[in-house]
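Asker: Here it is: the structure, laid out below.
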Amino acid sequence: MFNSESNYVELILACEDFSKEDFEKYHCFYKYEENIIAQLMAHGPVLLKGGRGTGKSALMIEANRRLMDNDKACGIYLSLRHLSLLRSRGETYEREFLRILNDVVKKTAQDRYSYDFSCELELYDVQKEIIKFSEHIGKRIVLFFDDAAHIGRETGLEEFFDIFRTLSSSLVSCKAAIYPGVTRFGTRFDVYNDAKIIDISRRYGQQSGFKEFFYEVMKLRYPHQIQEEKYFGSISAEDVAEFLGMSVLGNVRSFIKGCSLLFEKEGKVTLSTLSETLLALSSDFFWPMIEEIKYKIGVYEPLMDSCMNIAEIIYDECGEKKATTFIIHRNLANKFAKPLEILEYAGFISKREASRGMKKGGRGTRFAINLCNTLEKVTGTRLTRELYNEWKNPTVEDVQFSANSVFFSEIDLPPIDVDRNIGILELDIDKLKKSNVFPYGLTDDKLQRLKEHGYKKVGELAEATEGQLKEIYMIGDKTVQRIRSVVEQAIWM
C-alpha cells in the first residue's frame, strides 16, 4: 500500500494540478530539457510544439519559475484555458484575450514591483504599456502563453498569432505552447521568420539522458519501490524506466500512468508484469483517449472513426512484423494529414522524419509507433525476451505504406463542418462520472447535487463560478477544486 502522499502524487498526471511546492519536488530536468528551458528564458519568440502530455506546460512553468529572481528578465505565465476564448473569434477574441493578459500582467506588476499597470484594452495600448513596464523595472518581459493553440480549435488562432507577433519586441519575448497540426497562423504571421519552433518529443536512442530522465521521474513518483530491490527481478529499475519511456514514445504523462499500473501489481517487476502493463495502457488508457478526444476535437469529430481505422492498419502491420517504425507515402500522408496529426497528438505515433526514400519509389513521412498498442497485435500478445531485445535494438526494417497501398484504399474521409461546436459542452454532466475516459471523475452524489441545482450539461457547469458552486450543500473549497479539475480535463486538450 502507498502512503497518502504517494496516492496524491499518483493521481496527478498534469503538472498544472501541482501546488508550487510539489511542482518543484516532483519534476526533474536533464540536458535535453535544460536546453529548451534556456531557450524559453532567452530573447526571441518561441513556439513549443508537442502532443498531449509531452511536458510543454512543465517546461514553461519551470522557465517562469527560474525567472522569479532573475535580474535581467521578468517571467509572466498565463494559461489560456478560458471558455470565452474557445467560443470567440475576431475582435471579440482579441478583446477577451487582452482582458486576460491585462489582468495577469497587472497583478504581477503590482505584487512584485508595486507598479500601477494600466491601459486601454487595445492591442497597441497593451503593447506600449508592457514595454513601459519593462523599462520601469529595467528587465525584459517574458510572456508564457500556455495552451495557446489546440488541434481542432482554430477559431481564434489567426487572432492569437497576430497578437503574439505584435507583442514581440526586443523588450518583450513571447513564448507559446502549441499542438501538432496547428496551421492557421494567419496572413501576417510567418512561422519561419516570426518565431522559432521547438518540437519537444523525447526520442529513444537519439537524445542523451533519455534513460536517466525517465528513471528519475520514476524515482520521484515511486521512491519506496525504487529503493527496495524486491520490486525488480531480471530487469533493473533503470532498464524498466527506459523501456517504458520508449514504449510510450517519450510521453511523460503516459509514462507516469504506466508506472502507476506497474506498481499496482504484486511481486517483482519482470517481463511478464511489464507486458501486462503495456497491454493495460493500451486498453485502459490509449484507446479510451480516442473516445475522450472525440468530444473535444471540435470540427474534426467526424474524422475520429477514420483515425481508429488508420491506427488499426498501422498496428496490425507493425505488430505482425514486430516493427517500431513505419513510412507512409507522402501522397497518403497529405491525404490523411489531419487523422495522422490527431493520432500524434494522442500519443499513438510520433513523427521522426518529414521525408524518407521508399523501396517502391517516391518519398514518405517516417513515424515511430506506440509499443503498448503494437503489443496487442504481436503474435502471442506478450513481451518475450526476444521481442524486448528487438524493440530496444531494432533490426526489423520500417513498415512501408506505398502510394497505392490497399490498406488505405477503402478509407474515406467525411466532410468537415466548420461551424461544428465542441461536443463535450453539449453532453450531460453524467459524462463526468469516473471512468477510463475520465479517471478523475465525479461521484454519483456530487453529480446528483449539481443536477438538482440546474447544471445539466458540461458547458453549463464550466460557466459556473466558484461562488455559485459553493452555494450547493456539501460542496466546499476542495470539492469545487475537484469539479474544476474534472471539467478542465473534459474540455481541454
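Following the order of the C-alpha cells, chains are lettered A, B, ..., residues in each are numbered from 1, and ligands are numbered from 1.
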Within 12 Å of Leu67 (chain A), counting only C-alpha atoms, which residues qualify if same-chain residues fewer than 3 places away don't, as a PyMOL selection string?
Answerer: chain A and resi 37-38+40-42+60-64+70-77+139-144
Asker: Write out as a tab-separated table a residue-level contact list of region 134-237 of chain A versus region 350-365 of chain A with cut-off 12 Å: for each qualifying residue the closest pair of atoms and the distance in Å to one decimal, counting only C-alpha atoms, rows sorted by chain and residue number upward.
Answerer:
residue	atom	partner	partner_atom	distance
A:Pro180	CA	A:Lys351	CA	10.0
A:Gly181	CA	A:Lys351	CA	11.6
A:Asp199	CA	A:Lys351	CA	10.1
A:Ile200	CA	A:Ser350	CA	11.0
A:Ser201	CA	A:Ser350	CA	7.8
A:Arg202	CA	A:Ser350	CA	9.7
A:Arg203	CA	A:Arg352	CA	8.6
A:Tyr204	CA	A:Arg352	CA	11.1
A:Gln206	CA	A:Arg352	CA	10.4
Asker: Take the residues from that selection and write them out as a PDB file, in the first residue's frame, keeping N, CA and C atoms.
Answerer:
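So the final result, stored in selection14.pdb, reads:
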ATOM      1  N   PRO A 180       0.572  19.646 -32.323  1.00  0.00           N
ATOM      2  CA  PRO A 180       0.844  19.309 -33.725  1.00  0.00           C
ATOM      3  C   PRO A 180      -0.348  19.676 -34.609  1.00  0.00           C
ATOM      4  N   GLY A 181      -0.065  20.059 -35.831  1.00  0.00           N
ATOM      5  CA  GLY A 181      -1.131  20.305 -36.784  1.00  0.00           C
ATOM      6  C   GLY A 181      -1.709  21.699 -36.771  1.00  0.00           C
ATOM      7  N   ASP A 199      10.231  21.343 -31.308  1.00  0.00           N
ATOM      8  CA  ASP A 199       9.468  20.107 -31.138  1.00  0.00           C
ATOM      9  C   ASP A 199      10.056  19.368 -29.941  1.00  0.00           C
ATOM     10  N   ILE A 200       9.244  19.148 -28.904  1.00  0.00           N
ATOM     11  CA  ILE A 200       9.812  18.631 -27.659  1.00  0.00           C
ATOM     12  C   ILE A 200       9.689  17.115 -27.485  1.00  0.00           C
ATOM     13  N   SER A 201       9.343  16.406 -28.553  1.00  0.00           N
ATOM     14  CA  SER A 201       9.203  14.954 -28.406  1.00  0.00           C
ATOM     15  C   SER A 201      10.532  14.330 -27.969  1.00  0.00           C
ATOM     16  N   ARG A 202      10.477  13.463 -26.965  1.00  0.00           N
ATOM     17  CA  ARG A 202      11.671  12.771 -26.462  1.00  0.00           C
ATOM     18  C   ARG A 202      11.869  11.493 -27.268  1.00  0.00           C
ATOM     19  N   ARG A 203      13.060  11.316 -27.806  1.00  0.00           N
ATOM     20  CA  ARG A 203      13.304  10.228 -28.747  1.00  0.00           C
ATOM     21  C   ARG A 203      14.345   9.246 -28.210  1.00  0.00           C
ATOM     22  N   TYR A 204      13.913   8.019 -28.033  1.00  0.00           N
ATOM     23  CA  TYR A 204      14.811   6.957 -27.566  1.00  0.00           C
ATOM     24  C   TYR A 204      15.921   6.735 -28.586  1.00  0.00           C
ATOM     25  N   GLN A 206      18.141   8.743 -29.590  1.00  0.00           N
ATOM     26  CA  GLN A 206      18.571   9.932 -30.325  1.00  0.00           C
ATOM     27  C   GLN A 206      18.899  11.108 -29.412  1.00  0.00           C
TER      28      GLN A 206
END
Asker: Identify which of the residues A:Asp412, A:Asp111, A:Asp316, A:Glu463 lies closest to Leu303 (chain A), counting only C-alpha atoms when measuring atom-to-atom distances.
Answerer: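 Closest to Leu303 (chain A), using only C-alpha atoms: A:Asp412.
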Asker: Could you jot down the CA of Ser168 (chain A) to CA of Asp194 (chain A) separation for me, Å, one decimal place?
Answerer: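 It comes out at 8.9 Å.
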Asker: Extract, using only C-alpha atoms, all DNA, RNA and protein residues at most 12 Å from Thr155 (chain A), discarding same-chain residues fewer than 6 positions from it, and format them as a compact mmCIF listing (two decimals) with C-alpha atoms, in the first residue's frame.
Answerer:
# COMPACT_ATOMS: atom_id res chain seq x y z
CA SER A 84 -14.58 32.71 -23.51
CA LEU A 85 -11.56 32.34 -25.82
CA LEU A 86 -12.80 28.99 -27.05
CA ARG A 87 -16.10 30.46 -28.16
CA SER A 88 -14.98 33.72 -29.73
CA ARG A 89 -13.24 34.98 -32.83
CA GLY A 90 -12.17 38.21 -34.47
CA GLU A 91 -12.44 41.38 -32.41
CA THR A 92 -14.29 39.55 -29.65
CA TYR A 93 -11.40 37.10 -29.25
CA GLU A 94 -8.82 39.89 -29.25
CA ALA A 148 -2.34 28.67 -26.88
CA ALA A 149 -3.23 26.68 -30.00
CA PHE A 161 -0.71 34.75 -33.70
CA VAL A 182 -1.66 23.98 -35.97
CA THR A 183 -1.69 25.54 -39.43
CA ARG A 184 -3.84 28.65 -39.22
CA PHE A 185 -1.12 31.13 -38.38
CA GLY A 186 -2.82 33.91 -40.32
CA GLY A 298 -14.43 20.27 -32.48
CA VAL A 299 -14.76 20.42 -36.27
CA VAL A 418 -16.55 24.28 -39.96
CA ASP A 419 -19.40 25.54 -37.77
CA ARG A 420 -19.44 22.46 -35.54
CA ASN A 421 -19.23 23.16 -31.81
CA ILE A 422 -17.12 21.21 -29.33
Asker: Identify which of the residues A:Leu447, A:Leu383, A:Ile369, A:Leu469 lies closest to Thr277 (chain A), counting only C-alpha atoms when measuring atom-to-atom distances.
Answerer: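 Of the candidates, the smallest distance to Thr277 (chain A) is held by A:Leu383.
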Asker: Please, which residues of region 151-339 of chain A, numbered as in this document, come out alpha helix (DSSP H) from DSSP, as a PyMOL selection string?
Answerer: chain A and resi 157-167+210-221+223-227+237-247+252-262+271-281+287-294+304-321+330-335+337-339
Asker: May I have the selected residues written with C-alpha atoms, as a short mmCIF file (atom, residue, chain, number, x, y, z; two decimals), in the first residue's frame?
Answerer:
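File written: part_18.cif
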data_model
loop_
_atom_site.label_atom_id
_atom_site.label_comp_id
_atom_site.auth_asym_id
_atom_site.auth_seq_id
_atom_site.Cartn_x
_atom_site.Cartn_y
_atom_site.Cartn_z
CA LEU A 157 -5.73 31.17 -33.93
CA GLU A 158 -5.20 33.85 -36.55
CA GLU A 159 -6.03 36.49 -33.94
CA PHE A 160 -3.73 34.87 -31.39
CA PHE A 161 -0.71 34.75 -33.70
CA ASP A 162 -1.34 38.32 -34.78
CA ILE A 163 -1.26 39.37 -31.11
CA PHE A 164 1.82 37.18 -30.50
CA ARG A 165 3.68 38.85 -33.36
CA THR A 166 2.65 42.37 -32.37
CA LEU A 167 3.66 41.99 -28.72
CA PHE A 210 16.66 9.63 -22.13
CA LYS A 211 17.18 6.71 -19.74
CA GLU A 212 18.31 8.91 -16.86
CA PHE A 213 15.33 11.24 -17.25
CA PHE A 214 12.65 8.57 -17.08
CA TYR A 215 14.42 6.74 -14.26
CA GLU A 216 14.48 9.99 -12.28
CA VAL A 217 10.76 10.57 -12.94
CA MET A 218 10.05 7.05 -11.67
CA LYS A 219 12.16 7.67 -8.57
CA LEU A 220 10.37 10.94 -7.80
CA ARG A 221 6.93 9.35 -8.03
CA PRO A 223 10.83 6.32 -4.30
CA HIS A 224 9.93 3.42 -1.99
CA GLN A 225 9.54 0.94 -4.84
CA ILE A 226 12.82 2.05 -6.43
CA GLN A 227 14.77 1.80 -3.17
CA ALA A 237 14.76 -0.29 -12.44
CA GLU A 238 16.77 1.84 -14.88
CA ASP A 239 16.06 -0.52 -17.77
CA VAL A 240 12.36 -0.73 -16.89
CA ALA A 241 12.11 3.06 -16.88
CA GLU A 242 13.94 3.31 -20.20
CA PHE A 243 11.81 0.64 -21.89
CA LEU A 244 8.53 2.05 -20.59
CA GLY A 245 9.57 5.55 -21.70
CA MET A 246 10.42 4.20 -25.14
CA SER A 247 7.14 2.26 -25.36
CA VAL A 252 5.76 11.82 -19.71
CA ARG A 253 2.07 11.68 -18.82
CA SER A 254 1.65 8.22 -20.35
CA PHE A 255 4.85 7.08 -18.63
CA ILE A 256 3.58 8.16 -15.20
CA LYS A 257 0.30 6.35 -15.83
CA GLY A 258 2.30 3.27 -16.81
CA CYS A 259 4.32 3.45 -13.59
CA SER A 260 1.13 3.54 -11.53
CA LEU A 261 -0.15 0.43 -13.31
CA LEU A 262 3.21 -1.31 -12.95
CA LEU A 271 8.99 -9.14 -18.45
CA SER A 272 5.61 -10.64 -17.65
CA THR A 273 4.45 -7.75 -15.44
CA LEU A 274 5.93 -5.25 -17.90
CA SER A 275 3.98 -6.97 -20.67
CA GLU A 276 0.76 -6.73 -18.64
CA THR A 277 1.43 -3.06 -18.01
CA LEU A 278 1.83 -2.26 -21.72
CA LEU A 279 -1.39 -4.08 -22.57
CA ALA A 280 -3.24 -2.32 -19.74
CA LEU A 281 -2.01 1.05 -21.00
CA TRP A 287 -7.82 3.59 -26.73
CA PRO A 288 -10.19 5.33 -24.25
CA MET A 289 -8.26 8.52 -25.01
CA ILE A 290 -9.57 8.42 -28.58
CA GLU A 291 -13.12 8.41 -27.20
CA GLU A 292 -12.22 11.30 -24.92
CA ILE A 293 -10.68 13.31 -27.76
CA LYS A 294 -13.73 12.73 -29.94
CA MET A 304 -12.41 10.04 -35.38
CA ASP A 305 -13.65 6.80 -36.97
CA SER A 306 -11.05 7.25 -39.71
CA CYS A 307 -8.40 7.78 -37.02
CA MET A 308 -9.36 4.48 -35.43
CA ASN A 309 -9.22 2.67 -38.79
CA ILE A 310 -5.82 4.13 -39.66
CA ALA A 311 -4.44 3.25 -36.22
CA GLU A 312 -5.67 -0.35 -36.59
CA ILE A 313 -3.98 -0.66 -40.00
CA ILE A 314 -0.68 0.68 -38.69
CA TYR A 315 -0.66 -1.52 -35.59
CA ASP A 316 -1.73 -4.64 -37.49
CA GLU A 317 1.15 -4.31 -39.92
CA CYS A 318 3.79 -3.22 -37.40
CA GLY A 319 2.66 -5.82 -34.86
CA GLU A 320 2.87 -8.63 -37.39
CA LYS A 321 6.40 -7.64 -38.40
CA ARG A 330 3.70 11.49 -49.00
CA ASN A 331 0.52 11.30 -51.09
CA LEU A 332 -1.18 9.30 -48.34
CA ALA A 333 0.43 11.48 -45.65
CA ASN A 334 -1.07 14.55 -47.31
CA LYS A 335 -4.48 12.95 -47.81
CA ALA A 337 -2.75 14.61 -42.66
CA LYS A 338 -5.36 15.53 -40.07
CA PRO A 339 -6.05 11.97 -38.78
#
Asker: For a test of reading the model, state the distance in Å between CA of Gly250 (chain A) and CA of Leu47 (chain A), rounded to one decimal.
Answerer: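 Separation of CA of Gly250 (chain A) and CA of Leu47 (chain A): 19.6 Å.
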